[in-house]
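Okay, entry13.cif now, which holds mmCIF, C-alpha atoms and all ligand atoms:
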data_input
#
loop_
_atom_site.label_atom_id
_atom_site.label_comp_id
_atom_site.auth_asym_id
_atom_site.auth_seq_id
_atom_site.Cartn_x
_atom_site.Cartn_y
_atom_site.Cartn_z
CA MET A 22 98.25 85.09 85.45
CA SER A 23 97.99 87.17 88.59
CA LYS A 24 95.79 90.24 88.12
CA LYS A 25 97.75 92.32 90.57
CA LEU A 26 101.43 92.99 90.71
CA ILE A 27 104.20 92.14 93.13
CA VAL A 28 106.53 95.13 93.44
CA ALA A 29 109.92 94.52 95.06
CA ILE A 30 112.01 97.41 96.38
CA ASP A 31 115.47 96.71 97.73
CA GLY A 32 118.38 98.86 98.77
CA PRO A 33 120.48 99.99 101.73
CA ALA A 34 119.18 101.98 104.70
CA GLY A 35 118.41 105.59 103.88
CA SER A 36 118.04 105.00 100.15
CA GLY A 37 114.43 106.16 100.27
CA LYS A 38 112.84 102.70 100.16
CA SER A 39 110.28 103.11 102.94
CA THR A 40 108.95 106.52 101.96
CA THR A 41 108.70 105.56 98.31
CA ALA A 42 107.24 102.11 98.96
CA LYS A 43 104.52 103.49 101.25
CA LEU A 44 103.49 106.22 98.83
CA LEU A 45 103.46 103.77 95.95
CA ALA A 46 101.34 101.32 97.92
CA ASN A 47 98.86 104.13 98.68
CA LYS A 48 98.73 105.15 95.04
CA LEU A 49 98.25 101.59 93.82
CA LYS A 50 95.97 100.64 96.73
CA TYR A 51 98.26 97.70 97.40
CA LEU A 52 99.50 96.23 100.66
CA TYR A 53 102.79 97.58 101.98
CA LEU A 54 105.24 95.34 103.77
CA ASP A 55 108.38 96.58 105.52
CA THR A 56 110.40 93.39 105.94
CA GLY A 57 113.11 95.24 107.87
CA ALA A 58 110.57 95.75 110.68
CA MET A 59 110.38 91.96 111.11
CA TYR A 60 114.17 91.65 111.50
CA ARG A 61 114.08 94.62 113.85
CA ALA A 62 111.31 93.09 115.99
CA ILE A 63 113.17 89.84 116.64
CA THR A 64 116.35 91.85 117.32
CA PHE A 65 114.53 94.00 119.88
CA LEU A 66 113.16 90.90 121.62
CA ALA A 67 116.56 89.20 121.62
CA ILE A 68 118.11 92.28 123.26
CA LYS A 69 115.27 92.44 125.78
CA HIS A 70 115.70 88.77 126.71
CA LYS A 71 119.50 89.18 126.81
CA ILE A 72 120.07 86.45 124.23
CA VAL A 73 121.27 88.63 121.35
CA ASP A 74 124.58 86.75 121.13
CA ASN A 75 122.99 83.31 121.17
CA GLU A 76 121.87 82.29 117.70
CA GLN A 77 120.01 79.15 118.72
CA GLU A 78 118.03 80.93 121.41
CA ILE A 79 117.12 83.69 118.98
CA VAL A 80 115.79 81.10 116.53
CA GLU A 81 113.78 79.39 119.30
CA LEU A 82 112.37 82.75 120.40
CA LEU A 83 111.37 83.62 116.83
CA LYS A 84 109.67 80.25 116.40
CA ARG A 85 107.39 80.89 119.37
CA THR A 86 106.69 84.56 118.60
CA GLU A 87 103.94 85.80 116.30
CA ILE A 88 105.25 88.80 114.38
CA GLU A 89 102.58 90.82 112.56
CA LEU A 90 102.79 93.91 110.41
CA THR A 91 99.94 96.29 109.74
CA TYR A 92 99.64 99.28 107.46
CA THR A 93 96.64 101.52 108.02
CA ASN A 94 96.09 105.13 106.96
CA GLY A 95 99.71 105.52 105.97
CA VAL A 96 101.07 104.23 109.28
CA SER A 97 102.95 100.93 109.48
CA LYS A 98 103.17 99.06 112.76
CA VAL A 99 104.83 95.93 113.99
CA PHE A 100 103.49 93.66 116.72
CA ALA A 101 105.06 90.72 118.51
CA ASP A 102 102.47 88.53 120.20
CA LYS A 103 100.05 91.47 119.89
CA VAL A 104 102.40 93.92 121.63
CA ASP A 105 103.08 97.06 119.57
CA LEU A 106 106.86 97.47 119.15
CA SER A 107 106.77 100.06 116.38
CA GLU A 108 108.70 102.69 118.36
CA GLU A 109 111.10 100.35 120.14
CA ILE A 110 112.40 98.73 116.95
CA ARG A 111 113.87 102.06 115.77
CA SER A 112 116.27 102.48 118.73
CA GLN A 113 120.03 102.91 118.32
CA GLU A 114 120.51 99.66 120.20
CA VAL A 115 118.42 97.78 117.63
CA ASN A 116 120.23 99.62 114.80
CA GLY A 117 123.49 98.34 116.24
CA LYS A 118 122.46 94.68 116.40
CA VAL A 119 119.91 94.11 113.65
CA SER A 120 122.41 93.23 110.93
CA ASP A 121 123.99 90.54 113.09
CA VAL A 122 120.61 88.98 113.86
CA SER A 123 119.65 89.18 110.18
CA LYS A 124 122.70 87.09 109.28
CA ILE A 125 121.34 84.03 111.06
CA LYS A 126 120.30 81.50 108.43
CA GLN A 127 117.27 80.11 110.28
CA VAL A 128 116.01 83.58 111.17
CA ARG A 129 116.04 84.41 107.47
CA GLN A 130 114.36 81.15 106.51
CA ILE A 131 111.50 81.71 108.96
CA LEU A 132 110.93 85.34 107.99
CA VAL A 133 111.30 84.79 104.24
CA GLN A 134 108.70 82.02 104.44
CA LYS A 135 106.33 84.42 106.20
CA GLN A 136 106.96 87.17 103.64
CA LYS A 137 106.25 84.75 100.79
CA GLN A 138 102.94 83.80 102.40
CA ILE A 139 101.88 87.42 102.88
CA GLY A 140 102.85 88.53 99.38
CA GLY A 141 101.89 85.42 97.48
CA LEU A 142 98.56 86.78 96.30
CA GLY A 143 100.14 89.89 94.76
CA ALA A 144 98.88 93.45 95.09
CA ILE A 145 101.82 94.21 97.33
CA VAL A 146 104.77 96.56 97.56
CA MET A 147 107.44 94.82 99.61
CA GLU A 148 110.67 96.48 100.68
CA GLY A 149 113.85 95.03 102.09
CA ARG A 150 117.27 93.76 101.09
CA ASP A 151 116.52 90.47 99.34
CA ILE A 152 112.98 90.82 98.01
CA GLY A 153 113.90 90.80 94.32
CA THR A 154 116.59 88.16 94.74
CA VAL A 155 115.22 85.65 97.26
CA VAL A 156 111.70 86.38 98.53
CA PHE A 157 110.13 87.11 95.14
CA PRO A 158 112.61 86.41 92.34
CA GLN A 159 109.53 86.29 90.10
CA ALA A 160 108.28 89.77 91.20
CA ASP A 161 106.64 91.67 88.35
CA VAL A 162 108.67 94.83 88.94
CA LYS A 163 111.93 95.16 90.87
CA PHE A 164 113.73 98.28 91.95
CA PHE A 165 117.10 98.72 93.59
CA LEU A 166 117.40 102.09 95.28
CA THR A 167 120.71 103.67 96.21
CA ALA A 168 121.98 107.05 97.39
CA THR A 169 125.36 108.40 98.45
CA ILE A 170 126.41 107.69 102.03
CA ASP A 171 126.37 111.41 102.85
CA GLU A 172 122.83 111.83 101.59
CA ARG A 173 121.67 108.71 103.45
CA THR A 174 123.31 109.95 106.64
CA LYS A 175 121.61 113.33 106.28
CA ARG A 176 118.19 111.72 105.76
CA ARG A 177 118.52 109.32 108.70
CA THR A 178 119.80 112.01 111.07
CA LYS A 179 116.91 114.29 110.11
CA GLU A 180 114.37 111.48 110.51
CA MET A 181 115.62 110.73 114.00
CA LYS A 182 115.71 114.40 114.96
CA GLU A 183 112.07 114.70 113.91
CA LYS A 184 111.28 111.90 116.34
CA GLY A 185 113.08 113.75 119.12
CA LYS A 186 116.27 111.64 118.95
CA HIS A 187 119.41 113.72 118.55
CA VAL A 188 122.11 111.37 117.30
CA PRO A 189 125.37 112.89 115.97
CA GLU A 190 125.84 112.52 112.20
CA GLU A 191 129.14 110.64 112.63
CA LEU A 192 127.37 107.96 114.66
CA VAL A 193 124.54 107.64 112.15
CA LYS A 194 127.07 107.35 109.32
CA GLU A 195 129.10 104.75 111.19
CA ASN A 196 125.99 102.64 111.80
CA LEU A 197 124.89 102.88 108.17
CA LEU A 198 128.33 101.87 106.87
CA ASN A 199 128.56 99.03 109.34
CA ARG A 200 125.12 97.71 108.40
CA ASP A 201 125.87 98.08 104.67
CA LYS A 202 128.97 95.98 105.14
CA ILE A 203 127.33 93.18 107.14
CA ASP A 204 124.16 93.17 104.98
CA SER A 205 126.13 93.02 101.72
CA THR A 206 128.71 90.43 102.70
CA ARG A 207 126.64 87.91 104.68
CA GLU A 208 126.45 84.39 103.26
CA GLU A 209 122.68 84.04 103.31
CA SER A 210 120.81 86.26 100.79
CA PRO A 211 123.08 89.33 100.92
CA LEU A 212 121.96 92.78 99.86
CA GLN A 213 122.51 92.88 96.12
CA LYS A 214 120.77 94.15 93.04
CA ALA A 215 118.76 91.50 91.22
CA LYS A 216 119.94 91.29 87.60
CA ASP A 217 116.54 92.40 86.33
CA ALA A 218 116.00 95.17 88.92
CA ILE A 219 115.81 98.80 87.82
CA ALA A 220 118.55 100.77 89.60
CA VAL A 221 117.52 104.19 90.88
CA ASP A 222 119.98 106.62 92.45
CA THR A 223 117.79 108.80 94.67
CA SER A 224 120.59 111.11 95.91
CA THR A 225 119.32 114.14 94.02
CA LEU A 226 115.66 113.18 93.60
CA SER A 227 112.76 114.59 95.58
CA ILE A 228 110.26 112.15 97.03
CA ASP A 229 107.74 113.17 94.39
CA GLU A 230 110.24 112.53 91.62
CA GLN A 231 111.11 109.13 93.06
CA VAL A 232 107.51 108.03 93.36
CA THR A 233 106.63 109.29 89.89
CA PHE A 234 109.60 107.52 88.33
CA LEU A 235 108.77 104.19 89.97
CA TYR A 236 105.06 104.54 89.26
CA GLU A 237 105.71 105.14 85.56
CA GLU A 238 107.87 102.02 85.40
CA ILE A 239 105.16 99.99 87.15
CA LYS A 240 102.59 101.36 84.70
CA LYS A 241 104.66 100.18 81.75
CA VAL A 242 104.84 96.65 83.17
CA ALA A 243 101.13 96.64 83.98
CA GLU A 244 100.27 97.72 80.43
CA ARG A 245 102.53 95.05 78.99
CA LYS A 246 100.84 92.40 81.12
CA GLY A 247 97.34 93.69 80.51
CA ILE A 248 96.83 94.52 84.18
CA VAL A 249 94.66 97.46 85.20
CA LEU A 250 96.27 99.46 88.00
O1 LIG A 301 115.15 98.39 106.27
P1 LIG A 301 115.75 98.51 107.68
O2 LIG A 301 116.89 99.46 107.73
O3 LIG A 301 114.71 98.79 108.71
O4 LIG A 301 116.32 97.05 107.96
C1 LIG A 301 116.98 96.75 109.15
C2 LIG A 301 117.94 95.59 108.95
O5 LIG A 301 117.21 94.40 108.68
C3 LIG A 301 118.93 95.72 107.81
O6 LIG A 301 120.11 96.39 108.20
C4 LIG A 301 119.17 94.30 107.41
C5 LIG A 301 117.93 93.57 107.79
N1 LIG A 301 117.07 93.22 106.66
C6 LIG A 301 117.38 92.09 105.96
O7 LIG A 301 118.39 91.45 106.24
N2 LIG A 301 116.56 91.67 104.97
C7 LIG A 301 115.46 92.36 104.63
N3 LIG A 301 114.67 91.90 103.66
C8 LIG A 301 115.14 93.55 105.34
C9 LIG A 301 115.98 93.97 106.35
#

Transcribe the structure of this file into structure tokens.
Amino acid sequence: MSKKLIVAIDGPAGSGKSTTAKLLANKLKYLYLDTGAMYRAITFLAIKHKIVDNEQEIVELLKRTEIELTYTNGVSKVFADKVDLSEEIRSQEVNGKVSDVSKIKQVRQILVQKQKQIGGLGAIVMEGRDIGTVVFPQADVKFFLTATIDERTKRRTKEMKEKGKHVPEELVKENLLNRDKIDSTREESPLQKAKDAIAVDTSTLSIDEQVTFLYEEIKKVAERKGIVL
């Protein structure tokens, strides 16, 4: 039996996944992996190389690119062939294309394989859309976070404003709804709650409340499995 846990956190954009997952990873002293950053990195590169509408070329590009994620002192970064793309992957342009790139079957296969390798040893909090269903169906604890579209829009708009990007709320909302639709209806590993995931509506919860709730659930599982957190 693994002595450390695999924690899977899935849900749509703006549901509070990243903030919660990072804080939980800090608290547990586990690795944190933002799988969305991987899909964003290949999307950014595809846009840059002007091949974003060519599935086969995107797959070839991904095959020859080394995508790495780091998480140090509370800051997560993504690198492609050692180049730091952490800022670039959050652009509106990437937001607009990332769901289409994430639909490509081979892109998913390559990235899921990588995520399995990274998380295989446990002691990890991994967030995404398909972690509890496809990447780690055997995860020790699974959460599915949701929040109302208005709350998610508010959070994303505020986040961007804090980074100096003033995007109108209507545009943010439109992008979120569009991504929700593509992410949830794609053929390959769509965004859906795993049957055994704990659903958490974060609309009215503070970050502290979210983290405490998830941590308590993780503690229960750890106790049941005889694992010391
Ligand atoms: O978590 P995020 O908003 O940064 O993710 C960006 C996009 O990446 C999301 O709209 C769909 C895709 N994604 C995915 O298909 N599977 C994952 N495990 C994570 C993200």

Practice prompt. Using only C-alpha atoms, find all polymer residues with an atom at most 9 Å away from the point (111.6, 93.4, 100.6); report them as an MDAnalysis selection string.
Written response: chainID A and resid 28:32 54:57 136 146:153 156:157

Would you kindly return, as a PDB file with C-alpha atoms, keeping the file's coordinate frame, each protein, DNA or RNA residue with an atom no farther than 10 Å from any atom of Lys118 in chain A, considering all atoms listed in the file and excluding same-chain residues fewer than 2 positions away?
ATOM      1  CA  ARG A  61     114.080  94.620 113.850  1.00  0.00           C
ATOM      2  CA  THR A  64     116.350  91.850 117.320  1.00  0.00           C
ATOM      3  CA  PHE A  65     114.530  94.000 119.880  1.00  0.00           C
ATOM      4  CA  ALA A  67     116.560  89.200 121.620  1.00  0.00           C
ATOM      5  CA  ILE A  68     118.110  92.280 123.260  1.00  0.00           C
ATOM      6  CA  VAL A  73     121.270  88.630 121.350  1.00  0.00           C
ATOM      7  CA  ASP A  74     124.580  86.750 121.130  1.00  0.00           C
ATOM      8  CA  GLN A 113     120.030 102.910 118.320  1.00  0.00           C
ATOM      9  CA  GLU A 114     120.510  99.660 120.200  1.00  0.00           C
ATOM     10  CA  VAL A 115     118.420  97.780 117.630  1.00  0.00           C
ATOM     11  CA  ASN A 116     120.230  99.620 114.800  1.00  0.00           C
ATOM     12  CA  SER A 120     122.410  93.230 110.930  1.00  0.00           C
ATOM     13  CA  ASP A 121     123.990  90.540 113.090  1.00  0.00           C
ATOM     14  CA  VAL A 122     120.610  88.980 113.860  1.00  0.00           C
ATOM     15  CA  SER A 123     119.650  89.180 110.180  1.00  0.00           C
ATOM     16  CA  ASN A 196     125.990 102.640 111.800  1.00  0.00           C
ATOM     17  CA  ARG A 200     125.120  97.710 108.400  1.00  0.00           C
TER      18      ARG A 200
END

Worksheet item: With distances taken over only C-alpha atoms, which of A:Lys38, A:Lys24, A:Arg245, A:Lys182 is nearest to Leu166 in chain A?
Response: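 Residue with the minimum atom-to-atom distance to Leu166 in chain A: A:Lys38.
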
12 Å contact set for Lys216 in chain A, only C-alpha atoms, chain neighbours under 6 positions out, as a tab-separated table (two decimals) with C-alpha atoms, keeping the file's coordinate frame:
chain	number	residue	atom	x	y	z
A	153	GLY	CA	113.90	90.80	94.32
A	154	THR	CA	116.59	88.16	94.74
A	158	PRO	CA	112.61	86.41	92.34
A	159	GLN	CA	109.53	86.29	90.10
A	162	VAL	CA	108.67	94.83	88.94
A	163	LYS	CA	111.93	95.16	90.87
A	164	PHE	CA	113.73	98.28	91.95
A	165	PHE	CA	117.10	98.72	93.59

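Closest to ligand LIG 301 (chain A) among A:Thr93, A:Thr233, A:Gln130, A:Ser224 is A:Gln130, based on all atoms listed in the file.
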
As lines of an AutoDock Vina configuration file, please report the centre and edge lengths, rounded to one decimal in Å, of the axis-aligned box that holds all listed atoms of ligand LIG 301 (chain A) with 8 Å of padding on each of the six sides.
center_x = 117.4
center_y = 95.5
center_z = 106.4
size_x = 21.4
size_y = 24.0
size_z = 21.5

Worksheet item: How many Å lie between CA of Arg85 in chain A and CA of Leu142 in chain A, rounded to one decimal?
Response: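 It comes out at 25.4 Å.
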
Worksheet item: Pick the closest to Ala62 in chain A from A:Leu44, A:Ala215, A:Ile131, A:Leu83: which is it, counting only C-alpha atoms?
Response: A:Leu83

Worksheet item: Between A:Ile139, A:Ile239, A:Val249, A:Arg176, which one has atoms that come closest to Ala218 in chain A, using all atoms listed in the file?
Response: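 Checking each of A:Ile139, A:Ile239, A:Val249, A:Arg176 against Ala218 in chain A, counting all atoms listed in the file, the winner is A:Ile239.
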
Response to the item:
Between A:Glu238, A:Asp217, A:Glu244, A:Asp201, smallest distance to ligand LIG 301 (chain A) by only C-alpha atoms and all ligand atoms belongs to A:Asp201

Worksheet item: With distances taken over all atoms listed in the file, which of A:Glu209, A:Asp222, A:Glu78, A:Glu230 is nearest to ligand LIG 301 (chain A)?
Response: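 Using all atoms listed in the file, ligand LIG 301 (chain A) sits closest to A:Glu209.
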
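Between atom O5 of ligand LIG 301 (chain A) and CA of Glu81 in chain A lies a distance of 18.7 Å.
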
Fill in: Atom pair CA of Ile72 in chain A / atom O1 of ligand LIG 301 (chain A): separation (Å)
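Separation between CA of Ile72 in chain A and atom O1 of ligand LIG 301 (chain A): 22.1 Å.
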
Just the residues within 12 Å of Lys241 in chain A, please, counting all atoms listed in the file, with nothing from its chain fewer than 5 positions along; format it as a CSV table (one decimal) with C-alpha atoms, in the frame of the given file.
chain,number,residue,atom,x,y,z
A,26,LEU,CA,101.4,93.0,90.7
A,161,ASP,CA,106.6,91.7,88.4
A,162,VAL,CA,108.7,94.8,88.9
A,234,PHE,CA,109.6,107.5,88.3
A,235,LEU,CA,108.8,104.2,90.0
A,236,TYR,CA,105.1,104.5,89.3
A,246,LYS,CA,100.8,92.4,81.1
A,247,GLY,CA,97.3,93.7,80.5
A,248,ILE,CA,96.8,94.5,84.2
A,249,VAL,CA,94.7,97.5,85.2
A,250,LEU,CA,96.3,99.5,88.0

Do you know which residues are at most 9 Å from Ser107 in chain A counting all atoms listed in the file, after dropping those on the same chain fewer than 5 positions away, and could you put them as a PDB file with C-alpha atoms, keeping the file's coordinate frame?
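The new file part-v3.pdb reads:
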ATOM      1  CA  ALA A  58     110.570  95.750 110.680  1.00  0.00           C
ATOM      2  CA  ALA A  62     111.310  93.090 115.990  1.00  0.00           C
ATOM      3  CA  SER A  97     102.950 100.930 109.480  1.00  0.00           C
ATOM      4  CA  LYS A  98     103.170  99.060 112.760  1.00  0.00           C
ATOM      5  CA  VAL A  99     104.830  95.930 113.990  1.00  0.00           C
ATOM      6  CA  PHE A 100     103.490  93.660 116.720  1.00  0.00           C
TER       7      PHE A 100
END

Worksheet entry | Neighbour list for Leu52 in chain A as a list in words, cut-off 10 Å, all atoms listed in the file, skip fewer than 2 positions in-chain | Ile27, Ala42, Lys43, Leu45, Ala46, Asn47, Leu49, Lys50, Leu54, Thr91, Tyr92, Thr93, Ile139, Gly140, Gly143, Ala144, Ile145, Val146 and Met147 of chain A
